>>> print(open('model-v5.txt').read())   # compact mmCIF, C-alpha atoms
# COMPACT_ATOMS: atom_id res chain seq x y z
CA MET A 203 90.46 21.53 -13.18
CA GLY A 204 89.42 25.15 -12.52
CA ASP A 205 91.80 27.62 -10.97
CA GLY A 206 89.54 28.22 -7.94
CA GLY A 207 89.42 32.01 -8.42
CA THR A 208 87.05 34.19 -6.43
CA ALA A 209 83.78 35.43 -7.79
CA GLY A 210 84.97 39.06 -7.74
CA GLY A 211 84.79 42.03 -5.35
CA THR A 212 86.76 43.02 -2.27
CA ALA A 213 86.17 42.70 1.45
CA GLY A 214 84.02 45.29 3.17
CA PRO A 215 81.14 45.81 5.59
CA GLY A 216 78.11 43.53 5.15
CA GLY A 217 74.38 43.97 4.88
CA PRO A 218 71.84 44.09 2.09
CA ALA A 219 72.20 47.85 1.70
CA GLY A 220 75.95 48.24 2.15
CA GLY A 221 77.09 44.85 0.76
CA THR A 222 77.56 41.23 1.86
CA ALA A 223 79.96 39.56 4.26
CA GLY A 224 82.35 39.06 1.30
CA GLY A 225 82.43 42.70 0.17
CA PRO A 226 80.24 45.36 -1.40
CA VAL A 227 77.22 44.50 -3.50
CA LEU A 228 78.14 43.60 -7.08
CA GLY A 229 76.80 45.49 -10.02
CA PRO A 230 74.98 43.77 -12.90
CA GLU A 231 78.13 43.57 -15.06
CA GLU A 232 80.20 42.25 -12.14
CA VAL A 233 77.55 39.59 -11.51
CA ASP A 234 77.69 38.53 -15.15
CA ARG A 235 81.51 38.35 -15.13
CA ALA A 236 81.47 36.28 -11.92
CA LEU A 237 78.92 33.92 -13.45
CA ALA A 238 81.06 33.57 -16.57
CA ARG A 239 84.12 32.68 -14.48
CA LEU A 240 82.19 30.15 -12.44
CA GLY A 241 80.72 28.70 -15.62
CA ALA A 242 84.20 28.20 -17.06
CA GLU A 243 85.36 26.57 -13.83
CA HIS A 244 82.27 24.34 -13.84
CA GLU A 245 83.12 23.19 -17.35
CA ALA A 246 86.77 22.57 -16.38
CA VAL A 247 85.71 20.57 -13.31
CA GLU A 248 83.31 18.49 -15.36
CA THR A 249 85.91 17.78 -18.03
CA SER A 250 88.49 16.78 -15.42
CA LEU A 251 86.07 14.47 -13.61
CA TYR A 252 85.16 12.62 -16.78
CA ALA A 253 88.86 12.37 -17.72
CA LEU A 254 89.56 10.89 -14.31
CA GLN A 255 86.63 8.52 -14.75
CA ASP A 256 88.13 7.25 -18.03
CA HIS A 257 91.79 7.25 -16.88
CA ALA A 258 93.49 3.93 -17.65
CA GLY A 259 95.12 3.90 -14.25
CA ARG A 260 91.77 4.12 -12.49
CA GLY A 261 90.45 1.14 -14.40
CA LEU A 262 93.51 -0.87 -13.43
CA LEU A 263 93.20 0.14 -9.78
CA GLU A 264 89.53 -0.78 -9.66
CA ASN A 265 90.19 -4.28 -11.03
CA ALA A 266 93.44 -5.11 -9.24
CA GLU A 267 93.85 -7.02 -5.99
CA LEU A 268 95.79 -4.31 -4.21
CA THR A 269 97.96 -4.56 -1.13
CA GLY A 270 100.09 -2.32 1.06
CA VAL A 271 100.37 1.41 0.52
CA THR A 272 98.48 1.30 -2.78
CA LYS A 273 95.46 -0.31 -1.16
CA GLU A 274 95.40 2.35 1.55
CA ARG A 275 95.88 5.32 -0.77
CA TRP A 276 93.41 4.04 -3.35
CA ALA A 277 90.74 3.62 -0.67
CA ARG A 278 91.21 7.29 0.29
CA ALA A 279 91.28 8.30 -3.37
CA GLU A 280 87.97 6.52 -4.04
CA GLU A 281 86.42 8.47 -1.19
CA SER A 282 87.78 11.69 -2.69
CA ILE A 283 86.38 10.81 -6.12
CA ALA A 284 82.94 10.04 -4.69
CA LEU A 285 83.08 13.31 -2.76
CA LEU A 286 84.10 15.16 -5.92
CA TRP A 287 81.01 13.99 -7.76
CA THR A 288 78.75 14.85 -4.82
CA CYS A 289 80.24 18.34 -4.51
CA PHE A 290 80.14 18.79 -8.28
CA ASP A 291 76.40 18.06 -8.26
CA THR A 292 76.00 20.57 -5.42
CA PHE A 293 78.08 23.10 -7.34
CA THR A 294 75.98 22.51 -10.46
CA ALA A 295 72.71 23.04 -8.59
CA ALA A 296 73.96 26.17 -6.82
CA LEU A 297 75.29 27.67 -10.03
CA ARG A 298 72.04 26.88 -11.85
CA SER A 299 70.01 28.66 -9.17
CA VAL A 300 72.16 31.79 -9.51
CA HIS A 301 71.72 31.70 -13.30
CA GLU A 302 67.96 31.35 -12.91
CA LEU A 303 67.83 34.26 -10.46
CA ARG A 304 69.87 36.42 -12.82
CA ALA A 305 67.78 35.43 -15.80
CA GLY A 306 64.57 36.39 -13.93
CA CYS A 307 65.55 40.04 -13.58
CA ARG A 308 66.87 41.77 -16.64
CA ARG A 309 67.34 44.97 -14.67
CA PRO A 310 68.01 43.81 -11.10
CA GLY A 311 67.32 46.24 -8.30
CA PRO A 312 69.27 46.60 -5.04
CA GLU A 313 67.53 43.64 -3.39
CA GLU A 314 68.13 41.33 -6.37
CA LEU A 315 71.79 42.42 -6.63
CA ALA A 316 72.29 41.83 -2.90
CA GLU A 317 70.81 38.34 -3.28
CA LEU A 318 72.97 37.57 -6.31
CA THR A 319 76.06 38.84 -4.50
CA ALA A 320 75.27 36.72 -1.45
CA ARG A 321 74.89 33.60 -3.59
CA LEU A 322 78.06 34.26 -5.53
CA ARG A 323 80.21 35.14 -2.53
CA GLY A 324 78.57 33.90 0.60
CA PRO A 325 78.75 30.47 2.29
CA VAL A 326 75.79 29.03 0.48
CA VAL A 327 76.95 25.36 0.00
CA ALA A 328 76.83 22.81 2.82
CA LEU A 329 79.62 20.23 2.46
CA PRO A 330 78.84 16.54 3.01
CA GLY A 331 79.68 14.89 6.32
CA GLY A 332 83.31 13.85 6.83
CA THR A 333 84.66 16.36 4.32
CA ASP A 334 88.31 17.28 5.06
CA GLY A 335 88.05 15.34 8.30
CA GLY A 336 85.15 17.42 9.66
CA GLU A 337 81.73 16.34 10.84
CA GLY A 338 79.90 17.85 7.89
CA GLY A 339 77.54 20.75 7.61
CA GLU A 340 80.32 23.26 6.93
CA ARG A 341 79.08 25.98 4.58
CA VAL A 342 81.44 27.44 1.99
CA GLY A 343 81.17 29.74 -0.98
CA LEU A 344 81.28 28.62 -4.59
CA ALA A 345 84.88 29.78 -5.10
CA GLU A 346 86.04 27.94 -1.99
CA LEU A 347 84.16 24.85 -3.14
CA VAL A 348 86.07 24.95 -6.44
CA ARG A 349 89.40 25.27 -4.62
CA ARG A 350 88.63 22.25 -2.46
CA MET A 351 87.48 20.18 -5.43
CA ASN A 352 90.74 21.05 -7.17
CA ARG A 353 92.68 19.77 -4.17
CA TRP A 354 90.72 16.51 -3.92
CA TYR A 355 91.06 15.99 -7.64
CA ALA A 356 94.84 16.49 -7.48
CA GLN A 357 95.12 13.98 -4.63
CA ALA A 358 93.09 11.36 -6.48
CA LEU A 359 94.87 11.98 -9.78
CA ASP A 360 98.25 11.67 -8.08
CA VAL A 361 97.37 8.13 -6.95
CA VAL A 362 95.90 7.13 -10.32
CA ALA A 363 98.70 8.61 -12.44
CA ALA A 364 101.48 7.24 -10.25
CA ALA A 365 100.05 3.72 -10.25
CA GLU A 366 99.52 3.83 -14.01
CA SER A 367 103.11 5.05 -14.54
CA VAL A 368 104.56 2.20 -12.49
CA TRP A 369 102.36 -0.39 -14.21
CA SER A 370 103.31 0.99 -17.62
CA ALA A 371 107.03 0.91 -16.90
CA LEU A 372 108.04 -1.91 -14.61
CA PRO A 373 106.03 -5.07 -15.49
CA ALA A 374 106.94 -4.82 -19.17
CA ARG A 375 110.62 -4.32 -18.33
CA ILE A 376 110.52 -7.20 -15.88
CA ASP A 377 108.94 -9.42 -18.54
CA MET A 378 111.68 -8.52 -21.04
CA LEU A 379 114.35 -9.22 -18.45
CA SER A 380 112.66 -12.54 -17.63
CA ALA A 381 112.78 -13.49 -21.32
CA GLU A 382 116.50 -12.70 -21.37
CA LEU A 383 116.85 -14.73 -18.18
CA GLN A 384 115.32 -17.77 -19.90
CA ARG A 385 117.76 -17.40 -22.80
CA VAL A 386 120.72 -17.25 -20.40
CA ARG A 387 119.39 -20.23 -18.44
CA SER A 388 119.18 -22.23 -21.67
CA LEU A 389 122.78 -21.34 -22.52
CA ALA A 390 123.85 -22.19 -18.98
CA HIS A 391 122.19 -25.58 -19.18
CA SER A 392 123.92 -26.33 -22.48
CA VAL A 393 127.34 -25.88 -20.89
CA GLY A 394 126.54 -27.70 -17.66
CA VAL A 395 125.98 -24.66 -15.45
CA ARG A 396 123.26 -25.85 -13.08
CA PRO A 397 122.07 -24.93 -9.59
CA GLY A 398 124.03 -26.70 -6.89
CA GLU A 399 126.91 -27.40 -9.27
CA HIS A 400 128.08 -23.92 -10.23
CA PRO A 401 127.74 -20.50 -8.55
CA ALA A 402 126.30 -18.99 -11.73
CA GLY A 403 123.53 -21.60 -11.70
CA ASP A 404 122.64 -20.65 -8.12
CA GLU A 405 122.71 -16.96 -9.12
CA LEU A 406 120.26 -17.61 -11.97
CA GLU A 407 117.87 -19.27 -9.51
CA ASP A 408 118.12 -16.24 -7.20
CA ILE A 409 117.46 -13.83 -10.08
CA THR A 410 114.46 -15.89 -11.17
CA ALA A 411 112.98 -15.80 -7.67
CA GLU A 412 113.65 -12.06 -7.39
CA LEU A 413 111.98 -11.20 -10.71
CA THR A 414 108.95 -13.36 -9.89
CA SER A 415 108.59 -11.71 -6.49
CA LEU A 416 109.23 -8.23 -7.89
CA ARG A 417 106.58 -8.53 -10.59
CA ALA A 418 103.96 -9.77 -8.14
CA GLU A 419 104.73 -6.91 -5.75
CA VAL A 420 104.66 -4.30 -8.52
CA VAL A 421 101.27 -5.50 -9.75
CA ALA A 422 99.74 -5.61 -6.27
CA ASP A 423 101.36 -2.52 -4.76
CA PRO A 424 102.61 -0.18 -7.52
CA LEU A 425 102.81 2.89 -5.26
CA ALA A 426 105.44 1.11 -3.17
CA PHE A 427 107.64 1.50 -6.27
CA TRP A 428 106.95 5.19 -6.85
CA VAL A 429 109.37 8.00 -6.02
CA SER A 430 107.42 11.24 -5.78
CA ALA A 431 108.97 14.42 -7.10
CA GLY A 432 107.80 16.13 -3.91
CA GLY A 433 107.34 19.85 -3.41
CA SER A 434 104.66 21.50 -5.52
CA SER A 435 104.95 19.16 -8.48
CA ALA A 436 101.91 18.36 -10.60
CA PRO A 437 99.79 15.27 -9.81
CA GLY A 438 101.69 12.15 -10.81
CA GLY A 439 105.02 13.96 -10.67
CA GLY A 440 107.82 11.51 -9.97
CA ARG A 441 109.29 8.32 -11.37
CA PRO A 442 109.12 4.55 -10.88
CA ASP A 443 111.60 3.12 -8.38
CA THR A 444 113.76 0.71 -10.42
CA VAL A 445 116.44 -0.06 -7.82
CA ARG A 446 115.54 -3.75 -7.43
CA TYR A 447 115.00 -4.18 -11.17
CA ASP A 448 118.34 -2.55 -11.97
CA ARG A 449 120.12 -4.74 -9.42
CA ALA A 450 118.61 -7.89 -10.96
CA ALA A 451 119.53 -6.68 -14.46
CA ARG A 452 123.15 -6.13 -13.44
CA ALA A 453 123.32 -9.54 -11.78
CA LEU A 454 121.94 -11.21 -14.92
CA GLU A 455 124.44 -9.35 -17.09
CA ASP A 456 127.29 -10.60 -14.91
CA VAL A 457 126.03 -14.18 -15.19
CA ARG A 458 125.56 -13.82 -18.95
CA ARG A 459 129.17 -12.74 -19.34
CA GLU A 460 130.33 -15.67 -17.26
CA ILE A 461 128.25 -18.12 -19.32
CA GLU A 462 129.59 -16.65 -22.56
CA ALA A 463 133.11 -17.08 -21.19
CA VAL A 464 132.31 -20.75 -20.57
CA LEU A 465 130.92 -21.01 -24.10
CA GLN A 466 134.15 -19.54 -25.41
CA VAL A 467 136.02 -22.20 -23.46
CA ARG A 468 133.98 -24.88 -25.22
CA GLN A 469 134.91 -23.43 -28.60
CA ASP A 470 138.67 -23.16 -28.09
CA ALA A 471 139.27 -25.78 -25.37
CA GLU A 472 141.25 -28.15 -27.60
CA GLN A 473 143.62 -25.44 -28.83
CA ARG A 474 144.21 -24.22 -25.29
CA LEU A 475 144.89 -27.76 -24.11
CA MET A 476 147.39 -28.24 -26.97
CA ARG A 477 149.15 -24.98 -26.04
CA LEU A 478 149.30 -26.09 -22.42
CA ARG A 479 150.84 -29.43 -23.40
CA ASP A 480 153.42 -27.58 -25.52
CA VAL A 481 154.35 -25.17 -22.70
CA LEU A 482 154.69 -27.98 -20.16
CA SER A 483 156.70 -30.05 -22.63
CA ARG A 484 159.09 -27.14 -23.18
CA ALA A 485 159.41 -26.69 -19.43
CA ASP A 486 160.09 -30.41 -19.04
CA ARG A 487 162.76 -30.36 -21.79
CA THR A 488 164.38 -27.30 -20.24
CA LEU A 489 164.54 -28.98 -16.85
CA ALA A 490 166.02 -32.10 -18.45
CA GLU A 491 168.62 -29.93 -20.13
CA ALA A 492 169.34 -28.27 -16.79
CA ARG A 493 169.82 -31.66 -15.11
CA THR A 494 172.23 -32.74 -17.86
CA ALA A 495 174.07 -29.45 -17.63
CA ARG A 496 174.33 -29.77 -13.85
CA GLY A 497 176.09 -33.11 -14.21
CA GLU A 498 178.47 -31.55 -16.70
CA VAL A 499 179.15 -28.60 -14.41
CA LEU A 500 179.81 -30.82 -11.43
CA ALA A 501 182.27 -32.82 -13.53
CA LYS A 502 184.04 -29.82 -15.08
CA ILE A 503 183.88 -27.09 -12.44
CA ALA A 504 185.35 -27.35 -8.96
CA ALA A 505 184.74 -25.19 -5.87
CA SER A 506 181.43 -23.92 -7.21
CA GLU A 507 177.94 -24.21 -5.73
CA VAL A 508 175.57 -25.67 -8.34
CA PRO A 509 171.86 -25.47 -7.45
CA ALA A 510 169.74 -28.62 -7.58
CA VAL A 511 167.26 -29.08 -10.42
CA SER A 512 163.67 -30.07 -9.63
CA GLY A 513 161.86 -32.90 -11.33
CA PRO A 514 159.15 -32.59 -13.98
CA PRO A 515 155.91 -30.73 -13.03
CA THR A 516 153.97 -33.86 -12.12
CA ALA A 517 151.11 -31.99 -10.40
CA LEU A 518 150.53 -29.84 -13.47
CA TYR A 519 150.45 -32.89 -15.71
CA GLU A 520 147.81 -34.43 -13.42
CA GLN A 521 145.69 -31.30 -13.64
CA LEU A 522 146.16 -31.22 -17.40
CA SER A 523 144.77 -34.76 -17.53
CA LEU A 524 141.84 -33.64 -15.40
CA ALA A 525 141.20 -30.76 -17.81
CA ALA A 526 141.16 -33.17 -20.73
CA GLU A 527 138.70 -35.33 -18.78
CA HIS A 528 136.43 -32.30 -18.24
CA ARG A 529 136.53 -31.59 -21.97
CA ARG A 530 135.63 -35.17 -22.92
CA HIS A 531 132.60 -35.07 -20.60
CA ALA A 532 131.56 -31.52 -21.58
CA ARG A 533 132.07 -30.16 -18.07
CA TRP A 534 132.78 -26.70 -19.48
CA HIS A 535 131.92 -24.82 -16.31
CA ARG A 536 134.65 -26.76 -14.49
CA LEU A 537 137.09 -26.65 -17.36
CA SER A 538 136.98 -22.85 -17.65
CA PRO A 539 138.57 -21.91 -14.29
CA LEU A 540 140.93 -24.90 -14.44
CA LEU A 541 142.30 -23.83 -17.82
CA GLU A 542 142.87 -20.28 -16.62
CA SER A 543 144.77 -21.55 -13.59
CA LEU A 544 146.79 -24.04 -15.64
CA GLU A 545 147.76 -21.47 -18.26
CA GLU A 546 149.13 -19.15 -15.62
CA ARG A 547 150.98 -21.88 -13.72
CA ALA A 548 152.38 -23.47 -16.90
CA GLU A 549 153.98 -20.18 -17.94
CA GLU A 550 155.41 -19.82 -14.44
CA GLU A 551 156.79 -23.37 -14.66
CA LEU A 552 158.48 -22.66 -18.00
CA GLU A 553 160.04 -19.47 -16.62
CA ARG A 554 161.22 -21.37 -13.54
CA ALA A 555 162.81 -24.06 -15.74
CA ARG A 556 164.64 -21.40 -17.76
CA ASP A 557 165.89 -19.73 -14.59
CA SER A 558 167.06 -23.11 -13.31
CA LEU A 559 168.99 -23.78 -16.52
CA SER A 560 170.60 -20.34 -16.34
CA ALA A 561 171.59 -20.83 -12.71
CA VAL A 562 173.06 -24.29 -13.36
CA THR A 563 175.07 -23.25 -16.42
CA ALA A 564 176.35 -20.00 -14.88
CA PRO A 565 179.78 -21.53 -13.94
CA LEU A 566 180.25 -22.76 -17.52
CA ALA A 567 179.41 -19.28 -18.76
CA VAL A 568 181.99 -17.81 -16.38
CA ARG A 569 184.61 -20.30 -17.60
CA ALA A 570 183.79 -19.49 -21.23
CA GLU A 571 184.12 -15.77 -20.51
CA LEU A 572 187.51 -16.27 -18.83
CA ARG A 573 188.71 -18.43 -21.75
CA GLY A 574 187.61 -15.79 -24.20
CA ARG A 575 189.33 -13.00 -22.27
CA LEU A 576 192.57 -14.98 -21.99
CA ASP A 577 192.68 -15.73 -25.72
CA ALA A 578 191.78 -12.12 -26.60
CA TYR A 579 194.77 -10.74 -24.70
CA ARG A 580 197.08 -13.37 -26.18
CA ALA A 581 195.91 -12.45 -29.68
CA ARG A 582 196.64 -8.76 -29.03
CA LEU A 583 200.09 -9.60 -27.74
CA ALA A 584 200.72 -11.84 -30.75
CA ARG A 585 199.87 -8.94 -33.09
CA ARG A 586 202.59 -6.92 -31.32
CA ARG A 587 204.98 -9.95 -31.35
CA MET A 588 205.07 -9.94 -27.57
CA ALA A 589 203.29 -13.22 -26.82
CA ASP A 590 206.58 -15.12 -26.40
CA ASP A 591 207.77 -12.90 -23.57
CA PRO A 592 208.86 -15.39 -20.85
CA LEU A 593 206.77 -13.83 -18.07
CA LEU A 594 203.70 -13.50 -20.26
CA ALA A 595 204.11 -17.02 -21.66
CA GLU A 596 204.45 -18.44 -18.16
CA ARG A 597 201.35 -16.68 -16.90
CA TYR A 598 199.39 -17.61 -20.01
CA ASP A 599 200.27 -21.30 -19.65
CA ALA A 600 199.30 -21.25 -15.95
CA ALA A 601 195.91 -19.71 -16.66
CA ARG A 602 195.27 -22.00 -19.61
CA ARG A 603 196.05 -25.14 -17.63
CA LEU A 604 193.54 -24.09 -14.98
CA LEU A 605 190.81 -23.19 -17.50
CA TRP A 606 191.18 -26.32 -19.59
CA SER A 607 191.58 -28.75 -16.73
CA ALA A 608 188.71 -30.86 -15.33
CA PRO A 609 187.43 -30.10 -12.87
CA CYS A 610 188.25 -26.43 -13.29
CA ASP A 611 188.92 -24.32 -10.21
CA LEU A 612 187.14 -21.14 -11.33
CA ARG A 613 188.45 -18.96 -8.52
CA ALA A 614 192.07 -19.92 -9.17
CA ALA A 615 191.54 -19.65 -12.93
CA GLU A 616 190.07 -16.15 -12.57
CA ARG A 617 193.03 -15.02 -10.48
CA ALA A 618 195.43 -16.46 -13.09
CA VAL A 619 193.62 -14.67 -15.93
CA LEU A 620 193.80 -11.37 -14.00
CA ARG A 621 197.57 -11.80 -13.44
CA TYR A 622 198.05 -12.43 -17.18
CA GLN A 623 195.81 -9.48 -18.05
CA ARG A 624 197.76 -7.07 -15.82
CA ALA A 625 201.07 -8.21 -17.22
CA ALA A 626 199.75 -7.83 -20.77
CA LEU A 627 198.49 -4.33 -20.06
CA GLU A 628 201.86 -3.28 -18.70
CA VAL A 629 203.50 -4.39 -21.94
CA LEU A 630 200.83 -2.90 -24.21
CA ALA A 631 200.48 0.42 -22.37
CA PRO A 632 203.49 2.25 -23.92
CA ASP A 633 202.04 1.51 -27.38
CA GLY A 634 198.59 2.95 -26.49
CA GLU A 635 196.86 -0.43 -26.16
CA GLY A 636 196.28 -0.40 -22.44
CA GLY A 637 192.51 -0.71 -22.75
CA VAL A 638 190.52 -3.82 -23.44
CA ARG A 639 189.28 -4.17 -27.01
>>> encode(input="model-v5.txt", output="C-alpha cells")
Amino acid sequence: MGDGGTAGGTAGPGGPAGGTAGGPVLGPEEVDRALARLGAEHEAVETSLYALQDHAGRGLLENAELTGVTKERWARAEESIALLWTCFDTFTAALRSVHELRAGCRRPGPEELAELTARLRGPVVALPGGTDGGEGGERVGLAELVRRMNRWYAQALDVVAAAESVWSALPARIDMLSAELQRVRSLAHSVGVRPGEHPAGDELEDITAELTSLRAEVVADPLAFWVSAGGSSAPGGGRPDTVRYDRAARALEDVRREIEAVLQVRQDAEQRLMRLRDVLSRADRTLAEARTARGEVLAKIAASEVPAVSGPPTALYEQLSLAAEHRRHARWHRLSPLLESLEERAEEELERARDSLSAVTAPLAVRAELRGRLDAYRARLARRRMADDPLLAERYDAARRLLWSAPCDLRAAERAVLRYQRAALEVLAPDGEGGVR
C-alpha cells in the first residue's frame, strides 16, 4: 500500500493568517504536490485492497471451517478488512473534496490556501467507532489515515498470506506421504507385517493416525502451523511448521527400511538357511572330532588334564527347524530376526567347537613337538658321528621310551628330552653347533 507520507510542510503556529495547526499555509505549488502524493497513495491503497480481495488465501479462509488460533485471527482480520474499505471510502471522499476545492480556484487567495492547507494537514476525517480499540469519533488527517490503513492492511495480509502458505505446503506433502504410507503398508501386508503381530505394523497404524489427524488440523487451523519470522518482517514473513510432518516422515522411512529388510529375507531365506545348516554341520563334525581326539588323548597321555567336550548344539538345531517352519508358512517378519540371531550364534558355535578341538588335542601336539625335538638333536649328533656316545644313547633311549609309551607321561618325557638336549649341546658346542637348528 502507500507509504503513509505527510502532505508536506513543517510544524508552526496556527491560524488562517499565519498557518494551520500542522504548519504554515501551503502555497499553490505545495498544495498541488501534496495532492499528487495523496493521489498516488490513494491508487496504491485501492490496488492493494483489490489484491487482498482476490487473494487465494482469503478465499480459502472465507470457505473453511476454521478452529483455534486461525479462527480468532481471521475474525479480527475480517474486521480490519471491513474497516479498511470504510476508511478507504472516507479517504476517497475527503480527497475528492480537496480536489474540487482546488479545481474551483485557479488562483487561490489566502483564504482558499488556508482552507486547502487545513484539509490536507488537519484532522478532517472522523474514524469509525471501535477503530484501534477506541470508541470512535477520533479525527485524523489524511496522511495519518493512510498510515493506519497501511497497518491494518499489513495485519490482515499477514493472516491471509500465512494461512495460504501453510495450505500450499503442508496438505500436499501430507498427501504424498500418505500415498507412500499406503505403498509401505501393502508391502508390509505381503510379508506378514500386521498390527498386533509385529512392531512395524503397529508403527504403521500410528503413522496413519498421525497423518490423518495432522491433515485435519492443518486444514482447520493453518496458523497453528506457522512460524513467524518476527521482528519487522513483511506481511506473511515466516515458514510452515513441519516438525510433526518431518517426525512422521522419518518414522515411515524407518519402517520402510525394516520392511525392505524383511523382503530381502524372503528373497534369500533358502540360501541363508543352507549356510546355517552347513555351519552347524561343521561345528557338529568338529565337536565329534574333538570327542574322538579326547578318547585318544586319555588313552595315550598320562598326568594331563583334558577338558570335556560338549554335545551337539541341540538348541540351535531346534531353532533352525523353527526358521524353516517360518519360511514354509511365509512368516517373513518372524524369520528375519531369527535368522540374524542364528547366524551369529552358529558362527560362535563353530568357533567354540574349534577351540574345544584345539584344547583337547593340545597334549598330542606337545608330545609331537617333543618327539620332533628329540629326533632333530639325534640327527645332528648322527651327522657328527656322536649319536653312539654311551651317555647320549642312554638319555636318548630313556626319552624315546617315555614319548612312545602309552599312556605317555608328558612331564617326565619333557624332562628326559631336556636332559638329552643339554647333553647334546655340551657335545656340539666345541664344534660351533650349540644352537638349535
>>> closest_residue(input="model-v5.txt", among="A:Leu425, A:Ser523, A:Phe290, A:Leu620", to="Leu251 (chain A)", atoms="only C-alpha atoms")
A:Phe290
>>> closest_residue(input="model-v5.txt", among="A:Ser380, A:Asp404, A:Leu566, A:Gly439", to="Arg417 (chain A)", atoms="only C-alpha atoms")
A:Ser380
>>> closest_residue(input="model-v5.txt", among="A:Ala316, A:Asp456, A:Ser512, A:Val467", to="Pro401 (chain A)", atoms="all atoms listed in the file")
A:Asp456
>>> atom_distance(input="model-v5.txt", atom1="CA of Val271 (chain A)", atom2="CA of Val247 (chain A)")
27.8 Å
>>> residues_around(input="model-v5.txt", residues="Glu498 (chain A)", least_positions_apart="4", cutoff="12 Å", atoms="only C-alpha atoms", output="ChimeraX atom specification")
/A:491-494,502-504,508,562-566,608-610
>>> atom_distance(input="model-v5.txt", atom1="CA of Glu472 (chain A)", atom2="CA of Ala485 (chain A)")
20.0 Å
>>> atom_distance(input="model-v5.txt", atom1="CA of Ser250 (chain A)", atom2="CA of Leu322 (chain A)")
22.6 Å
>>> closest_residue(input="model-v5.txt", among="A:Ala246, A:Val362, A:Ala305, A:Ala345", to="Pro437 (chain A)", atoms="only C-alpha atoms")
A:Val362
>>> residues_around(input="model-v5.txt", residues="Ala471 (chain A)", least_positions_apart="6", cutoff="10 Å", atoms="only C-alpha atoms", output="list in words")
Val464, Leu465, Arg477, Ala525, Ala526, Arg529, Trp534, Leu537, Ser538 and Leu541 of chain A
>>> closest_residue(input="model-v5.txt", among="A:Glu571, A:Glu399, A:Asp591, A:Glu264", to="Ala615 (chain A)", atoms="only C-alpha atoms")
A:Glu571
>>> residues_around(input="model-v5.txt", residues="Glu616 (chain A)", least_positions_apart="4", cutoff="8 Å", atoms="all atoms listed in the file", output="list in words")
Leu572, Ala601, Leu612 and Leu620 of chain A
>>> decode(input="model-v5.txt", residues="region 273-284 of chain A", atoms="N, CA, C and O atoms", output="JSON list (two decimals), in the first residue's frame")
[["chain", "number", "residue", "atom", "x", "y", "z"],
["A", 273, "LYS", "N", -9.10, -19.26, 13.56],
["A", 273, "LYS", "CA", -10.45, -18.71, 13.67],
["A", 273, "LYS", "C", -10.44, -17.35, 14.36],
["A", 273, "LYS", "O", -11.10, -16.40, 13.91],
["A", 274, "GLU", "N", -9.67, -17.24, 15.44],
["A", 274, "GLU", "CA", -9.60, -15.98, 16.17],
["A", 274, "GLU", "C", -8.95, -14.89, 15.34],
["A", 274, "GLU", "O", -9.47, -13.77, 15.24],
["A", 275, "ARG", "N", -7.81, -15.20, 14.73],
["A", 275, "ARG", "CA", -7.10, -14.17, 13.97],
["A", 275, "ARG", "C", -7.84, -13.78, 12.70],
["A", 275, "ARG", "O", -7.81, -12.62, 12.27],
["A", 276, "TRP", "N", -8.53, -14.73, 12.06],
["A", 276, "TRP", "CA", -9.27, -14.40, 10.86],
["A", 276, "TRP", "C", -10.48, -13.52, 11.19],
["A", 276, "TRP", "O", -10.82, -12.62, 10.41],
["A", 277, "ALA", "N", -11.09, -13.74, 12.34],
["A", 277, "ALA", "CA", -12.21, -12.88, 12.74],
["A", 277, "ALA", "C", -11.73, -11.44, 12.90],
["A", 277, "ALA", "O", -12.40, -10.48, 12.45],
["A", 278, "ARG", "N", -10.56, -11.26, 13.52],
["A", 278, "ARG", "CA", -10.01, -9.90, 13.66],
["A", 278, "ARG", "C", -9.61, -9.34, 12.31],
["A", 278, "ARG", "O", -9.78, -8.14, 12.04],
["A", 279, "ALA", "N", -9.06, -10.20, 11.45],
["A", 279, "ALA", "CA", -8.64, -9.74, 10.12],
["A", 279, "ALA", "C", -9.84, -9.30, 9.29],
["A", 279, "ALA", "O", -9.77, -8.30, 8.56],
["A", 280, "GLU", "N", -10.95, -10.02, 9.39],
["A", 280, "GLU", "CA", -12.16, -9.61, 8.65],
["A", 280, "GLU", "C", -12.64, -8.24, 9.11],
["A", 280, "GLU", "O", -13.08, -7.42, 8.29],
["A", 281, "GLU", "N", -12.55, -8.00, 10.41],
["A", 281, "GLU", "CA", -12.93, -6.67, 10.91],
["A", 281, "GLU", "C", -12.00, -5.60, 10.34],
["A", 281, "GLU", "O", -12.45, -4.51, 9.96],
["A", 282, "SER", "N", -10.71, -5.92, 10.28],
["A", 282, "SER", "CA", -9.75, -4.96, 9.72],
["A", 282, "SER", "C", -10.03, -4.70, 8.25],
["A", 282, "SER", "O", -9.93, -3.56, 7.77],
["A", 283, "ILE", "N", -10.38, -5.74, 7.50],
["A", 283, "ILE", "CA", -10.66, -5.57, 6.07],
["A", 283, "ILE", "C", -11.90, -4.71, 5.86],
["A", 283, "ILE", "O", -11.93, -3.80, 4.99],
["A", 284, "ALA", "N", -12.95, -4.99, 6.65],
["A", 284, "ALA", "CA", -14.15, -4.16, 6.55],
["A", 284, "ALA", "C", -13.84, -2.71, 6.90],
["A", 284, "ALA", "O", -14.32, -1.76, 6.25]]
